[in-house]
Amino acid sequence: MPTAIEFRDVSLKTAEGRALLDHINLSLEEGTTTAVLGRSGSGKTTLLRLVNRMLDPTDGTVFIRGKECEQLNVITLRRGIGYVIQETGLFPHFTVARNVGLVPELNGKRIGEEKTGELLAQVGLEAEKFAKRYPHQLSGGQRQRVGLARALAAGPSILLMDEPFGALDPLTRAEMQDMLRDLLNRLKKTVLIVTHDLDEALYLASRIVLLEDGHVVTDVAAEDFLRSEIPAVKAYAEAFRRGEKDRETSR
């Protein structure tokens with residue numbers, strides 16, 4: 001498959017010279033979902049933000065469908081990439097319908113009620129019930145669904161997700177993961193999702209990348225992650241299996 005996003009020998013350093021990312025080489029194929037794991041401060045969100053040029057690398061190049069990211073118009077680039085964050089970033093004084101249609105509106109293409117209804121239906125919300133509500137009238141899970149609908153409104157081929165379900169309770173999070181997996185299977189977007197949750201990565205992604213101190217520790221198919229003998233990978237997996245391990249030893 002063609003490459004949608006490529007990080008070619010990418011590094012990012014602070015003004016003081018501290019390396020946030022160090023010689024990253026990754027290729028994301030079109031239509032695939034890649035999860036980036038790692039502890040806090042490993043460089044996950046920094047890597048994600050290079051794609052829509054919220055940050056620019058100090059060395060190396062990011063390519064979007066074969067074109068150098070820094071050569072693309074930054075506004076056009078960002079409006080053509082879906083972006084979902086943990087707290088959704090919804091505008092509190094806009095209705096759900098206005099929030100969903102914001103990106104097309106910025107692109108000069110207002111969407112009508114029918115299209116808004118389709119977008120809300122995709123994320124499991126009824127337009128008749130939710131379109132005229134405001135963000136404060138929604139639950140956390142509902143706000144996250146609206147944020148996802150907004151990210152999809154302009155029909156982007158690339159979707160960036162930064163801990164999108166991190167603030168949700170376990171049951172709501174599981175419901176959102178089910179909805180997202182079904183949606184992505186149908187839409188075939190290229191997705192880069194940052195998460196701390198190994199189970200989420202294994203459930204949603206076809207490929208998993210583990211970062212540590214700005215370096216790529218591993219970049220493997222999701223089904224191969226738990227079989228890895230790399231110490232950092234084993235340590236990460238064991239940290240998520242402590243409860244299971246404890247129950248086994250107490251039997």
# chains A, B, ... in the order shown; residues from 1 in each chain; ligands from 1
call {"tool": "residues_around", "arguments": {"residues": "Leu125 of chain A", "least_positions_apart": "6", "cutoff": "9 Å", "atoms": "only C-alpha atoms", "output": "list of chain:residue names"}}
result
A:Gly117, A:Leu119, A:Ala131, A:Gln142, A:Arg145, A:Val146
call {"tool": "residues_around", "arguments": {"residues": "Thr76 of chain A", "least_positions_apart": "3", "cutoff": "12 Å", "atoms": "only C-alpha atoms", "output": "PyMOL selection string"}}
result
chain A and resi 52-53+69-73+79-82+103-104+106-107+154+156
call {"tool": "write_last_selection", "arguments": {"atoms": "N, CA, C and O atoms", "output": "mmCIF file, in the first residue's frame"}}
result
data_model
loop_
_atom_site.group_PDB
_atom_site.id
_atom_site.type_symbol
_atom_site.label_atom_id
_atom_site.label_comp_id
_atom_site.auth_asym_id
_atom_site.auth_seq_id
_atom_site.Cartn_x
_atom_site.Cartn_y
_atom_site.Cartn_z
ATOM 1 N N ASN A 52 0.749 17.540 11.751
ATOM 2 C CA ASN A 52 -0.041 18.696 11.343
ATOM 3 C C ASN A 52 0.702 20.007 11.613
ATOM 4 O O ASN A 52 0.103 21.078 11.647
ATOM 5 N N ARG A 53 1.987 19.899 11.791
ATOM 6 C CA ARG A 53 2.892 21.041 11.924
ATOM 7 C C ARG A 53 2.552 21.955 13.105
ATOM 8 O O ARG A 53 2.808 23.153 13.065
ATOM 9 N N CYS A 69 6.269 17.893 4.429
ATOM 10 C CA CYS A 69 5.281 18.582 5.247
ATOM 11 C C CYS A 69 5.550 20.091 5.324
ATOM 12 O O CYS A 69 4.629 20.900 5.250
ATOM 13 N N GLU A 70 6.813 20.458 5.447
ATOM 14 C CA GLU A 70 7.153 21.876 5.615
ATOM 15 C C GLU A 70 6.928 22.685 4.340
ATOM 16 O O GLU A 70 6.929 23.918 4.396
ATOM 17 N N GLN A 71 6.739 22.000 3.208
ATOM 18 C CA GLN A 71 6.472 22.705 1.964
ATOM 19 C C GLN A 71 4.982 22.937 1.738
ATOM 20 O O GLN A 71 4.587 23.630 0.802
ATOM 21 N N LEU A 72 4.152 22.362 2.597
ATOM 22 C CA LEU A 72 2.706 22.486 2.451
ATOM 23 C C LEU A 72 2.198 23.682 3.248
ATOM 24 O O LEU A 72 2.737 24.024 4.305
ATOM 25 N N ASN A 73 1.148 24.317 2.760
ATOM 26 C CA ASN A 73 0.524 25.411 3.482
ATOM 27 C C ASN A 73 -0.022 24.891 4.805
ATOM 28 O O ASN A 73 -0.819 23.946 4.837
ATOM 29 N N ARG A 79 -6.396 21.825 8.180
ATOM 30 C CA ARG A 79 -7.826 21.667 7.919
ATOM 31 C C ARG A 79 -8.123 20.385 7.147
ATOM 32 O O ARG A 79 -9.273 19.948 7.088
ATOM 33 N N GLY A 80 -7.095 19.773 6.573
ATOM 34 C CA GLY A 80 -7.281 18.534 5.835
ATOM 35 C C GLY A 80 -6.944 17.292 6.634
ATOM 36 O O GLY A 80 -6.977 16.182 6.109
ATOM 37 N N ILE A 81 -6.618 17.483 7.925
ATOM 38 C CA ILE A 81 -6.289 16.365 8.801
ATOM 39 C C ILE A 81 -7.224 16.398 10.002
ATOM 40 O O ILE A 81 -7.349 17.417 10.686
ATOM 41 N N GLY A 82 -7.901 15.284 10.287
ATOM 42 C CA GLY A 82 -8.753 15.212 11.465
ATOM 43 C C GLY A 82 -7.903 15.134 12.724
ATOM 44 O O GLY A 82 -6.864 14.468 12.741
ATOM 45 N N VAL A 103 -15.073 22.887 10.725
ATOM 46 C CA VAL A 103 -13.955 22.798 9.783
ATOM 47 C C VAL A 103 -14.417 23.005 8.341
ATOM 48 O O VAL A 103 -13.808 23.798 7.605
ATOM 49 N N PRO A 104 -15.494 22.343 7.888
ATOM 50 C CA PRO A 104 -15.982 22.661 6.539
ATOM 51 C C PRO A 104 -16.336 24.145 6.384
ATOM 52 O O PRO A 104 -16.100 24.736 5.325
ATOM 53 N N LEU A 106 -14.901 26.672 7.891
ATOM 54 C CA LEU A 106 -13.648 27.404 7.724
ATOM 55 C C LEU A 106 -13.090 27.237 6.314
ATOM 56 O O LEU A 106 -12.380 28.111 5.808
ATOM 57 N N ASN A 107 -13.412 26.103 5.701
ATOM 58 C CA ASN A 107 -12.984 25.853 4.323
ATOM 59 C C ASN A 107 -13.947 26.450 3.301
ATOM 60 O O ASN A 107 -13.796 26.241 2.096
ATOM 61 N N ALA A 154 -14.794 17.143 7.400
ATOM 62 C CA ALA A 154 -14.232 17.606 6.129
ATOM 63 C C ALA A 154 -13.719 16.452 5.265
ATOM 64 O O ALA A 154 -13.090 16.687 4.231
ATOM 65 N N PRO A 156 -11.319 14.028 5.957
ATOM 66 C CA PRO A 156 -9.864 13.881 5.894
ATOM 67 C C PRO A 156 -9.461 12.428 5.668
ATOM 68 O O PRO A 156 -10.154 11.504 6.111
#
call {"tool": "closest_residue", "arguments": {"among": "A:Leu21, A:Leu77, A:Pro92, A:Val10", "to": "Thr45 of chain A", "atoms": "only C-alpha atoms"}}
result
A:Leu21
call {"tool": "select_by_dssp", "arguments": {"residues": "segment 98-163 of chain A", "states": "strand (DSSP E)", "output": "PyMOL selection string"}}
result
chain A and resi 158-162
call {"tool": "closest_residue", "arguments": {"among": "A:Arg18, A:Lys188, A:Lys115, A:Arg181", "to": "Ala201 of chain A", "atoms": "only C-alpha atoms"}}
result
A:Arg181
call {"tool": "select_by_dssp", "arguments": {"residues": "segment 39-167 of chain A", "states": "alpha helix (DSSP H)", "output": "ChimeraX atom specification"}}
result
/A:44-51,74-79,96-100,102-106,113-122,127-130,140-152
call {"tool": "atom_distance", "arguments": {"atom1": "atom CA of Gly155 of chain A", "atom2": "atom CA of Val84 of chain A"}}
result
14.0 Å
call {"tool": "closest_residue", "arguments": {"among": "A:Asp59, A:Asp213, A:Asp197, A:Glu128", "to": "Ala239 of chain A", "atoms": "only C-alpha atoms"}}
result
A:Asp197
call {"tool": "atom_distance", "arguments": {"atom1": "atom CA of Ser206 of chain A", "atom2": "atom CA of Leu37 of chain A"}}
result
13.3 Å
call {"tool": "residues_around", "arguments": {"residues": "Ala35 of chain A", "least_positions_apart": "2", "cutoff": "6 Å", "atoms": "only C-alpha atoms", "output": "ChimeraX atom specification"}}
result
/A:192-194,201,205,208
call {"tool": "residues_around", "arguments": {"residues": "Lys234 of chain A", "least_positions_apart": "6", "cutoff": "12 Å", "atoms": "only C-alpha atoms", "output": "PDB file with N, CA and C atoms, in the first residue's frame"}}
result
ATOM      1  N   LEU A 198      -2.211  -0.166  26.674  1.00  0.00           N
ATOM      2  CA  LEU A 198      -1.807  -1.259  25.794  1.00  0.00           C
ATOM      3  C   LEU A 198      -3.009  -2.011  25.240  1.00  0.00           C
ATOM      4  N   LEU A 210       6.465   1.606  20.034  1.00  0.00           N
ATOM      5  CA  LEU A 210       6.793   1.956  21.415  1.00  0.00           C
ATOM      6  C   LEU A 210       7.950   2.937  21.412  1.00  0.00           C
ATOM      7  N   VAL A 217      11.608   2.128  20.149  1.00  0.00           N
ATOM      8  CA  VAL A 217      12.071   0.859  20.715  1.00  0.00           C
ATOM      9  C   VAL A 217      11.660  -0.291  19.807  1.00  0.00           C
ATOM     10  N   THR A 218      10.421  -0.221  19.325  1.00  0.00           N
ATOM     11  CA  THR A 218       9.938  -1.249  18.402  1.00  0.00           C
ATOM     12  C   THR A 218       8.823  -0.688  17.537  1.00  0.00           C
ATOM     13  N   ASP A 224       2.244  -9.073  17.045  1.00  0.00           N
ATOM     14  CA  ASP A 224       3.591  -9.487  17.429  1.00  0.00           C
ATOM     15  C   ASP A 224       4.114  -8.758  18.659  1.00  0.00           C
ATOM     16  N   PHE A 225       3.379  -7.746  19.129  1.00  0.00           N
ATOM     17  CA  PHE A 225       3.907  -6.919  20.214  1.00  0.00           C
ATOM     18  C   PHE A 225       4.148  -7.730  21.489  1.00  0.00           C
ATOM     19  N   LEU A 226       3.178  -8.514  21.903  1.00  0.00           N
ATOM     20  CA  LEU A 226       3.304  -9.256  23.154  1.00  0.00           C
ATOM     21  C   LEU A 226       4.300 -10.405  23.071  1.00  0.00           C
ATOM     22  N   ARG A 227       4.710 -10.771  21.850  1.00  0.00           N
ATOM     23  CA  ARG A 227       5.698 -11.832  21.685  1.00  0.00           C
ATOM     24  C   ARG A 227       7.129 -11.301  21.671  1.00  0.00           C
ATOM     25  N   SER A 228       7.263  -9.999  21.722  1.00  0.00           N
ATOM     26  CA  SER A 228       8.595  -9.394  21.637  1.00  0.00           C
ATOM     27  C   SER A 228       9.459  -9.764  22.846  1.00  0.00           C
ATOM     28  N   PHE A 240       1.026  -3.742  32.452  1.00  0.00           N
ATOM     29  CA  PHE A 240      -0.408  -3.793  32.215  1.00  0.00           C
ATOM     30  C   PHE A 240      -1.019  -5.127  32.629  1.00  0.00           C
ATOM     31  N   ARG A 241      -0.198  -6.075  32.994  1.00  0.00           N
ATOM     32  CA  ARG A 241      -0.705  -7.390  33.350  1.00  0.00           C
ATOM     33  C   ARG A 241      -0.453  -7.708  34.822  1.00  0.00           C
TER      34      ARG A 241
END
call {"tool": "atom_distance", "arguments": {"atom1": "atom CA of Phe165 of chain A", "atom2": "atom CA of Glu6 of chain A"}}
result
25.5 Å
